[in-house]
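Peer 1: Pasting input-v3.cif below, which is mmCIF, C-alpha atoms and all ligand atoms.
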```
data_start
loop_
_atom_site.label_atom_id
_atom_site.label_comp_id
_atom_site.auth_asym_id
_atom_site.auth_seq_id
_atom_site.Cartn_x
_atom_site.Cartn_y
_atom_site.Cartn_z
CA MET N 1163 12.42 1.37 -11.92
CA THR N 1164 9.74 3.06 -9.82
CA GLN N 1165 6.39 1.34 -9.64
CA VAL N 1166 3.13 3.18 -9.07
CA SER N 1167 0.08 2.01 -7.16
CA PRO N 1168 -2.82 4.47 -7.56
CA SER N 1169 -4.97 4.63 -4.44
CA ILE N 1170 -8.57 4.19 -5.54
CA LEU N 1171 -9.70 5.91 -2.34
CA SER N 1172 -9.46 9.14 -4.36
CA ALA N 1173 -11.31 7.78 -7.40
CA ASP N 1174 -14.83 8.71 -8.44
CA PHE N 1175 -16.76 5.70 -7.14
CA ALA N 1176 -19.58 6.26 -9.62
CA THR N 1177 -17.19 5.17 -12.39
CA LEU N 1178 -14.73 3.09 -10.37
CA GLY N 1179 -14.22 0.31 -12.94
CA GLN N 1180 -13.49 2.75 -15.76
CA GLN N 1181 -11.14 4.81 -13.61
CA CYS N 1182 -9.19 1.70 -12.61
CA GLN N 1183 -8.98 0.64 -16.25
CA ALA N 1184 -7.77 4.12 -17.19
CA VAL N 1185 -4.88 4.16 -14.70
CA LEU N 1186 -3.88 0.62 -15.70
CA ASP N 1187 -3.93 1.62 -19.38
CA ALA N 1188 -1.77 4.60 -18.39
CA GLY N 1189 0.89 2.24 -17.03
CA ALA N 1190 -0.02 1.88 -13.35
CA ASP N 1191 1.66 -1.28 -12.05
CA MET N 1192 -1.12 -2.24 -9.64
CA LEU N 1193 -4.11 -0.79 -7.78
CA HIS N 1194 -3.90 0.30 -4.14
CA PHE N 1195 -7.03 -0.76 -2.24
CA ASP N 1196 -7.40 1.08 1.10
CA VAL N 1197 -9.58 -0.75 3.62
CA MET N 1198 -10.66 1.19 6.74
CA ASP N 1199 -12.78 -0.09 9.59
CA GLY N 1200 -13.67 3.09 11.51
CA HIS N 1201 -11.75 1.68 14.48
CA PHE N 1202 -8.07 1.34 13.61
CA VAL N 1203 -8.51 4.62 11.74
CA PRO N 1204 -11.30 7.21 12.16
CA ASN N 1205 -12.81 6.58 8.73
CA LEU N 1206 -14.68 3.94 6.73
CA SER N 1207 -13.96 3.02 3.14
CA PHE N 1208 -14.83 -0.21 1.31
CA GLY N 1209 -14.22 -3.92 1.70
CA VAL N 1210 -14.43 -7.42 0.28
CA PRO N 1211 -17.42 -7.09 -2.11
CA VAL N 1212 -15.87 -4.07 -3.85
CA LEU N 1213 -12.60 -5.95 -4.36
CA GLN N 1214 -14.53 -8.94 -5.65
CA SER N 1215 -16.29 -6.83 -8.28
CA LEU N 1216 -13.13 -5.03 -9.37
CA HIS N 1217 -11.22 -8.31 -9.62
CA LYS N 1218 -13.98 -9.74 -11.77
CA ALA N 1219 -14.03 -6.69 -14.02
CA LEU N 1220 -10.21 -6.43 -14.20
CA PRO N 1221 -8.94 -10.02 -13.89
CA ASP N 1222 -5.36 -9.13 -14.86
CA ALA N 1223 -4.95 -6.28 -12.37
CA PHE N 1224 -2.74 -6.79 -9.32
CA PHE N 1225 -4.46 -5.59 -6.15
CA ASP N 1226 -2.24 -4.06 -3.48
CA VAL N 1227 -4.58 -4.29 -0.48
CA HIS N 1228 -3.80 -2.00 2.47
CA LEU N 1229 -5.70 -3.07 5.57
CA MET N 1230 -6.08 -0.23 8.07
CA ILE N 1231 -8.15 -2.40 10.37
CA THR N 1232 -7.81 -3.59 13.96
CA HIS N 1233 -8.16 -7.33 13.27
CA PRO N 1234 -6.57 -8.07 9.89
CA LEU N 1235 -6.13 -11.78 10.62
CA SER N 1236 -9.90 -12.27 10.60
CA TYR N 1237 -10.19 -10.94 7.04
CA VAL N 1238 -7.10 -12.33 5.28
CA GLU N 1239 -8.88 -15.27 3.72
CA ALA N 1240 -11.81 -13.20 2.48
CA PHE N 1241 -9.57 -10.61 0.82
CA ALA N 1242 -7.38 -13.33 -0.70
CA LYS N 1243 -10.44 -15.07 -2.15
CA ALA N 1244 -11.74 -11.75 -3.46
CA GLY N 1245 -8.58 -11.24 -5.55
CA ALA N 1246 -5.88 -9.58 -3.42
CA GLY N 1247 -2.36 -9.94 -4.83
CA CYS N 1248 -0.57 -8.52 -1.82
CA ILE N 1249 -2.10 -7.97 1.61
CA THR N 1250 -0.47 -5.32 3.78
CA PHE N 1251 -1.47 -4.81 7.40
CA HIS N 1252 -0.23 -2.64 10.25
CA VAL N 1253 2.27 -3.77 12.85
CA GLU N 1254 0.22 -1.64 15.31
CA CYS N 1255 -2.90 -3.79 14.85
CA ASP N 1256 -4.38 -6.18 17.43
CA SER N 1257 -3.82 -9.40 15.47
CA ASP N 1258 -0.70 -11.47 16.05
CA VAL N 1259 1.79 -10.25 13.45
CA GLN N 1260 3.46 -13.61 12.82
CA GLU N 1261 0.15 -15.45 12.54
CA THR N 1262 -1.15 -12.84 10.12
CA ILE N 1263 1.92 -13.05 7.86
CA ASP N 1264 1.58 -16.84 7.86
CA ALA N 1265 -2.13 -16.64 7.02
CA ILE N 1266 -1.46 -14.25 4.12
CA HIS N 1267 1.14 -16.58 2.64
CA LYS N 1268 -1.04 -19.61 3.21
CA ALA N 1269 -3.81 -17.84 1.31
CA GLY N 1270 -1.44 -17.48 -1.65
CA CYS N 1271 -0.79 -13.72 -1.37
CA LYS N 1272 2.30 -11.62 -0.92
CA ALA N 1273 2.62 -10.16 2.58
CA GLY N 1274 3.27 -6.55 3.49
CA LEU N 1275 3.75 -4.89 6.85
CA SER N 1276 3.14 -1.19 7.44
CA ILE N 1277 4.24 1.36 10.02
CA LYS N 1278 2.40 4.53 11.01
CA PRO N 1279 4.38 7.79 11.29
CA GLY N 1280 4.91 7.30 15.03
CA THR N 1281 6.27 3.76 14.74
CA PRO N 1282 10.01 3.19 14.26
CA VAL N 1283 11.37 0.95 11.49
CA GLU N 1284 12.69 -1.44 14.13
CA ALA N 1285 9.12 -2.74 14.52
CA VAL N 1286 9.22 -4.44 11.11
CA LEU N 1287 12.80 -5.72 11.21
CA PRO N 1288 12.08 -9.04 13.00
CA TYR N 1289 9.75 -9.96 10.10
CA LEU N 1290 11.77 -8.57 7.19
CA ASP N 1291 12.93 -11.96 5.92
CA GLN N 1292 9.31 -13.06 5.49
CA LEU N 1293 7.90 -9.97 3.82
CA GLU N 1294 7.47 -9.13 0.17
CA LEU N 1295 6.63 -5.50 0.98
CA VAL N 1296 7.20 -2.91 3.70
CA LEU N 1297 4.92 0.13 3.68
CA VAL N 1298 6.09 3.36 5.29
CA MET N 1299 3.16 5.69 5.98
CA SER N 1300 3.99 9.31 5.24
CA VAL N 1301 0.68 10.55 6.70
CA GLU N 1302 -1.47 9.36 9.59
CA PRO N 1303 -3.57 6.64 7.94
CA GLY N 1304 -7.25 7.36 7.51
CA PHE N 1305 -7.70 9.98 4.81
CA GLY N 1306 -6.48 10.85 1.35
CA GLY N 1307 -5.28 14.33 0.46
CA GLN N 1308 -3.06 14.98 3.49
CA SER N 1309 0.40 16.59 3.41
CA PHE N 1310 3.51 14.44 3.16
CA MET N 1311 5.48 14.04 6.39
CA PRO N 1312 9.23 14.31 5.57
CA MET N 1313 10.15 12.08 8.53
CA ALA N 1314 9.21 9.16 6.30
CA LEU N 1315 12.38 9.80 4.29
CA ASP N 1316 14.71 8.74 7.08
CA LYS N 1317 12.72 5.55 7.55
CA LEU N 1318 12.97 4.77 3.84
CA ARG N 1319 16.73 5.41 3.88
CA THR N 1320 17.19 3.11 6.89
CA LEU N 1321 15.06 0.33 5.39
CA ASP N 1322 16.71 0.66 2.00
CA ALA N 1323 20.17 0.38 3.59
CA ILE N 1324 19.15 -2.68 5.60
CA CYS N 1325 17.59 -4.38 2.57
CA LYS N 1326 20.71 -3.72 0.49
CA GLU N 1327 22.95 -4.98 3.28
CA GLN N 1328 20.87 -8.15 3.62
CA ASN N 1329 20.54 -8.50 -0.15
CA ARG N 1330 16.75 -8.37 0.04
CA ASN N 1331 14.78 -7.41 -3.00
CA ILE N 1332 11.40 -6.31 -1.63
CA TRP N 1333 8.91 -3.58 -2.37
CA LEU N 1334 9.67 -0.52 -0.30
CA GLU N 1335 6.37 1.31 -0.54
CA VAL N 1336 5.44 4.78 0.68
CA ASP N 1337 1.89 6.06 1.07
CA GLY N 1338 0.46 9.50 1.84
CA GLY N 1339 0.90 12.91 0.25
CA ILE N 1340 2.87 11.57 -2.72
CA ASP N 1341 3.12 13.76 -5.81
CA ALA N 1342 5.92 14.38 -8.31
CA THR N 1343 7.93 16.44 -5.79
CA THR N 1344 7.57 14.29 -2.67
CA GLY N 1345 7.69 11.12 -4.79
CA ALA N 1346 11.10 12.12 -6.13
CA LEU N 1347 12.39 12.59 -2.57
CA CYS N 1348 11.05 9.14 -1.66
CA THR N 1349 12.64 7.35 -4.61
CA GLN N 1350 15.95 9.08 -3.80
CA ALA N 1351 15.55 7.75 -0.25
CA GLY N 1352 15.05 4.20 -1.56
CA ALA N 1353 11.31 3.75 -2.17
CA ASN N 1354 10.54 1.64 -5.24
CA LEU N 1355 6.73 1.67 -5.02
CA LEU N 1356 4.76 4.91 -4.76
CA VAL N 1357 1.12 5.06 -3.68
CA ALA N 1358 -0.72 8.13 -4.90
CA GLY N 1359 -4.38 8.98 -4.57
CA SER N 1360 -5.13 12.66 -5.09
CA ALA N 1361 -2.02 13.23 -7.24
CA ILE N 1362 -3.50 10.78 -9.77
CA PHE N 1363 -7.30 10.71 -9.47
CA GLY N 1364 -7.44 14.42 -8.66
CA LYS N 1365 -5.81 15.28 -11.99
CA PRO N 1366 -7.69 15.81 -15.26
CA ASP N 1367 -5.12 13.73 -17.18
CA LEU N 1368 -4.79 10.41 -15.33
CA ALA N 1369 -2.31 9.03 -17.85
CA GLN N 1370 0.06 11.96 -17.52
CA ALA N 1371 -0.14 11.79 -13.72
CA VAL N 1372 0.75 8.07 -13.67
CA GLN N 1373 3.57 8.48 -16.18
CA GLN N 1374 5.07 11.39 -14.27
CA LEU N 1375 5.34 9.30 -11.11
CA ARG N 1376 6.68 6.22 -12.92
CA GLN N 1377 9.53 8.29 -14.33
CA LEU N 1378 10.83 9.25 -10.89
C1 LIG M 1401 -4.30 6.99 3.70
C2 LIG M 1401 -4.32 5.92 2.64
C3 LIG M 1401 -3.66 6.37 1.38
C4 LIG M 1401 -4.33 7.55 0.72
C5 LIG M 1401 -3.35 8.25 -0.11
O1 LIG M 1401 -4.76 6.45 4.88
O2 LIG M 1401 -3.63 4.76 3.07
O3 LIG M 1401 -3.50 5.29 0.47
O4 LIG M 1401 -5.45 7.20 -0.04
O5 LIG M 1401 -3.94 9.39 -0.63
P1 LIG M 1401 -3.07 10.66 -1.04
O6 LIG M 1401 -2.13 10.20 -2.13
O7 LIG M 1401 -4.08 11.62 -1.52
O8 LIG M 1401 -2.33 11.12 0.17
ZN ZN M 1402 -2.99 3.17 1.60
#
```
Can you turn what I pasted into structure tokens?
Ligand code: DX5
Ligand code: ZN
Peer 2:
Amino acid sequence: MTQVSPSILSADFATLGQQCQAVLDAGADMLHFDVMDGHFVPNLSFGVPVLQSLHKALPDAFFDVHLMITHPLSYVEAFAKAGAGCITFHVECDSDVQETIDAIHKAGCKAGLSIKPGTPVEAVLPYLDQLELVLVMSVEPGFGGQSFMPMALDKLRTLDAICKEQNRNIWLEVDGGIDATTGALCTQAGANLLVAGSAIFGKPDLAQAVQQLRQL
């Protein structure tokens, strides 16, 4: 079963609460919350207070927090307190990876580790037994609405094979340029969690967009 995590980066922020409610009503499994610091990636988005408000407004929603920031360790506790369900950070960041995973678990959240397009899957393997999620980026992180990079498919295939071999049942998530066509390629390659921003919030019928991806 494919799960879908709509990226609210592409939502209309003037009606953010309603848009989140709408995708959840449409069957979205969680909400993808993209945090950017203008340093790890060349863009700024939103942070802890926005998560806090959304969590308060939507107490049953699961927040899939994607930290595209240089020092994730410094913010784990704040995002956990604000309502994060899973906190994913980048293996390319400046925080100690092991310490950050430990801090996420200690804060009561699931831990995810992400790789940028230029980073090989081998970078996450030493941590695989401690992770609830691995996120393969299929665009350079920083902006919504970019084109899918097919090289992500090989990474998904490799990770899927390793997880099967090791009998690990984790979320294999892919993020960037996902629509019905690229999403289908990703699920065939082993992804079980699709992030989609513009392919959901850019569509007039949010419900149909979510359902289409969940059926892949
Ligand atoms: C990119 C973000 C993505 C992005 C996806 O840096 O991590 O979550 O919002 O947007 P689309 O689906 O439009 O590529
Ligand atoms: Zn993301």
Peer 1: Check the smallest atom-to-atom distance from each of N:Ala1353, N:Gly1338, N:Ala1269, N:His1252 to Asp1316 of chain N using all atoms listed in the file, then report the winner.
Peer 2: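 Among N:Ala1353, N:Gly1338, N:Ala1269, N:His1252, it is N:Ala1353 that comes nearest to Asp1316 of chain N.
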Peer 1: Taking only residues of chain N that have an atom at most 8 Å from an atom of ligand LIG 1401 (chain M), what is each one's shortest atom pair and its distance in Å to one decimal, using all atoms listed in the file, in chain and number order, as a tab-separated table?
Peer 2:
```
residue	atom	partner	partner_atom	distance
N:Pro1168	CA	M:LIG1401	O6	7.9
N:Ser1169	CA	M:LIG1401	O4	5.1
N:Ile1170	CA	M:LIG1401	O4	7.0
N:Leu1171	CA	M:LIG1401	O4	5.0
N:Ser1172	CA	M:LIG1401	O4	6.2
N:His1194	CA	M:LIG1401	O3	6.8
N:Phe1195	CA	M:LIG1401	O3	7.5
N:Asp1196	CA	M:LIG1401	O2	5.6
N:His1228	CA	M:LIG1401	O2	6.8
N:Met1230	CA	M:LIG1401	O2	7.5
N:Met1299	CA	M:LIG1401	O2	7.4
N:Val1301	CA	M:LIG1401	C1	6.8
N:Glu1302	CA	M:LIG1401	O1	6.4
N:Pro1303	CA	M:LIG1401	O1	3.3
N:Gly1304	CA	M:LIG1401	O1	3.7
N:Phe1305	CA	M:LIG1401	O1	4.6
N:Gly1306	CA	M:LIG1401	O5	3.5
N:Gly1307	CA	M:LIG1401	O7	3.6
N:Gln1308	CA	M:LIG1401	O8	5.1
N:Ser1309	CA	M:LIG1401	O8	6.9
N:Phe1310	CA	M:LIG1401	O8	7.4
N:Asp1337	CA	M:LIG1401	O3	5.5
N:Gly1338	CA	M:LIG1401	O8	3.6
N:Gly1339	CA	M:LIG1401	O8	3.7
N:Ile1340	CA	M:LIG1401	O6	5.2
N:Asp1341	CA	M:LIG1401	O6	7.3
N:Val1357	CA	M:LIG1401	O3	6.2
N:Ala1358	CA	M:LIG1401	O6	3.7
N:Gly1359	CA	M:LIG1401	O6	3.5
N:Ser1360	CA	M:LIG1401	O7	3.9
N:Ala1361	CA	M:LIG1401	O6	5.9
N:Ile1362	CA	M:LIG1401	O6	7.8
```
Peer 1: In Å, rounded to a single decimal, give me how far atom CA of Gly1209 of chain N is from atom CA of Val1197 of chain N.
Peer 2: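 Distance reported for this atom pair: 5.9 Å.
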Peer 1: For a quick check of your reading of the model, name the residues lying within 12 Å of the coordinate (18.4, -2.5, 2.1), counting all atoms listed in the file, and write them as JSON, numbers by chain.
Peer 2: {"N": [1287, 1290, 1291, 1296, 1317, 1318, 1319, 1320, 1321, 1322, 1323, 1324, 1325, 1326, 1327, 1328, 1329, 1330, 1331, 1332, 1333, 1334, 1351, 1352, 1353, 1354]}
Peer 1: State, in Å with one decimal place, the distance from atom CA of Ala1190 of chain N to atom CA of Thr1281 of chain N.
Peer 2: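 Atom CA of Ala1190 of chain N sits 28.8 Å away from atom CA of Thr1281 of chain N.
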Peer 1: Work out how far apart atom CA of Val1227 of chain N and atom CA of Met1198 of chain N are and give it in Å to one decimal.
Peer 2: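 Here the two named atoms are 10.9 Å from each other.
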Peer 1: Which residues are near Gly1189 of chain N? Cut-off 8 Å, only C-alpha atoms, ignore same chain within fewer than 5 positions. Put them as number ranges by chain.
Peer 2: N: 1369, 1372-1373
Peer 1: Calculated over all atoms listed in the file, which of the candidates N:Thr1349, N:Thr1164, N:Ser1300, N:Gln1214 has the smallest distance to ligand ZN 1402 (chain M)?
Peer 2: N:Ser1300
Peer 1: Go through N:Val1203, N:Ala1273, N:Leu1186, N:Ala1240 and flag the residue nearest Cys1255 of chain N, using all atoms listed in the file for the distances.
Peer 2: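 Checking each candidate against Cys1255 of chain N, we get N:Val1203 as the closest.
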Peer 1: Would you mind telling me which residue in N:Cys1348, N:Ile1263, N:Leu1356, N:Val1286 lies nearest to Asp1226 of chain N when using only C-alpha atoms?
Peer 2: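 Nearest to Asp1226 of chain N: N:Leu1356.
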Peer 1: Ranking N:Leu1368, N:Val1259, N:Ala1342, N:Ile1266 by minimum distance to Pro1288 of chain N and counting all atoms listed in the file, which one comes first?
Peer 2: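 Among N:Leu1368, N:Val1259, N:Ala1342, N:Ile1266, it is N:Val1259 that comes nearest to Pro1288 of chain N.
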Peer 1: I need the residue nearest ligand ZN 1402 (chain M) from this list: N:Val1210, N:Ala1219, N:Ala1346, N:Val1336. Use all atoms listed in the file for the distance.
Peer 2: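 Using all atoms listed in the file, the shortest distance to ligand ZN 1402 (chain M) belongs to N:Val1336.
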Peer 1: Mind completing segment 1246-1258 of chain N with N, CA and C atoms? Output as a CSV table (one decimal), in the coordinates of the input, please?
Peer 2:
```
chain,number,residue,atom,x,y,z
N,1246,ALA,N,-7.1,-10.3,-3.8
N,1246,ALA,CA,-5.9,-9.6,-3.4
N,1246,ALA,C,-4.6,-10.3,-4.0
N,1247,GLY,N,-3.7,-9.4,-4.4
N,1247,GLY,CA,-2.4,-9.9,-4.8
N,1247,GLY,C,-1.4,-9.9,-3.7
N,1248,CYS,N,-1.4,-8.7,-3.0
N,1248,CYS,CA,-0.6,-8.5,-1.8
N,1248,CYS,C,-1.5,-8.0,-0.7
N,1249,ILE,N,-1.3,-8.5,0.5
N,1249,ILE,CA,-2.1,-8.0,1.6
N,1249,ILE,C,-1.1,-7.3,2.6
N,1250,THR,N,-1.3,-6.0,2.8
N,1250,THR,CA,-0.5,-5.3,3.8
N,1250,THR,C,-1.3,-4.9,5.0
N,1251,PHE,N,-0.8,-5.2,6.2
N,1251,PHE,CA,-1.5,-4.8,7.4
N,1251,PHE,C,-0.5,-4.0,8.3
N,1252,HIS,N,-1.0,-3.5,9.4
N,1252,HIS,CA,-0.2,-2.6,10.2
N,1252,HIS,C,0.3,-3.4,11.4
N,1253,VAL,N,1.6,-3.1,11.7
N,1253,VAL,CA,2.3,-3.8,12.8
N,1253,VAL,C,1.6,-3.3,14.2
N,1254,GLU,N,0.9,-2.2,14.1
N,1254,GLU,CA,0.2,-1.6,15.3
N,1254,GLU,C,-1.2,-2.3,15.5
N,1255,CYS,N,-1.6,-3.2,14.7
N,1255,CYS,CA,-2.9,-3.8,14.8
N,1255,CYS,C,-3.0,-4.7,16.1
N,1256,ASP,N,-4.2,-5.3,16.3
N,1256,ASP,CA,-4.4,-6.2,17.4
N,1256,ASP,C,-4.2,-7.7,17.1
N,1257,SER,N,-4.1,-8.0,15.8
N,1257,SER,CA,-3.8,-9.4,15.5
N,1257,SER,C,-2.4,-9.7,15.7
N,1258,ASP,N,-2.1,-11.0,15.9
N,1258,ASP,CA,-0.7,-11.5,16.0
N,1258,ASP,C,0.0,-11.3,14.7
```
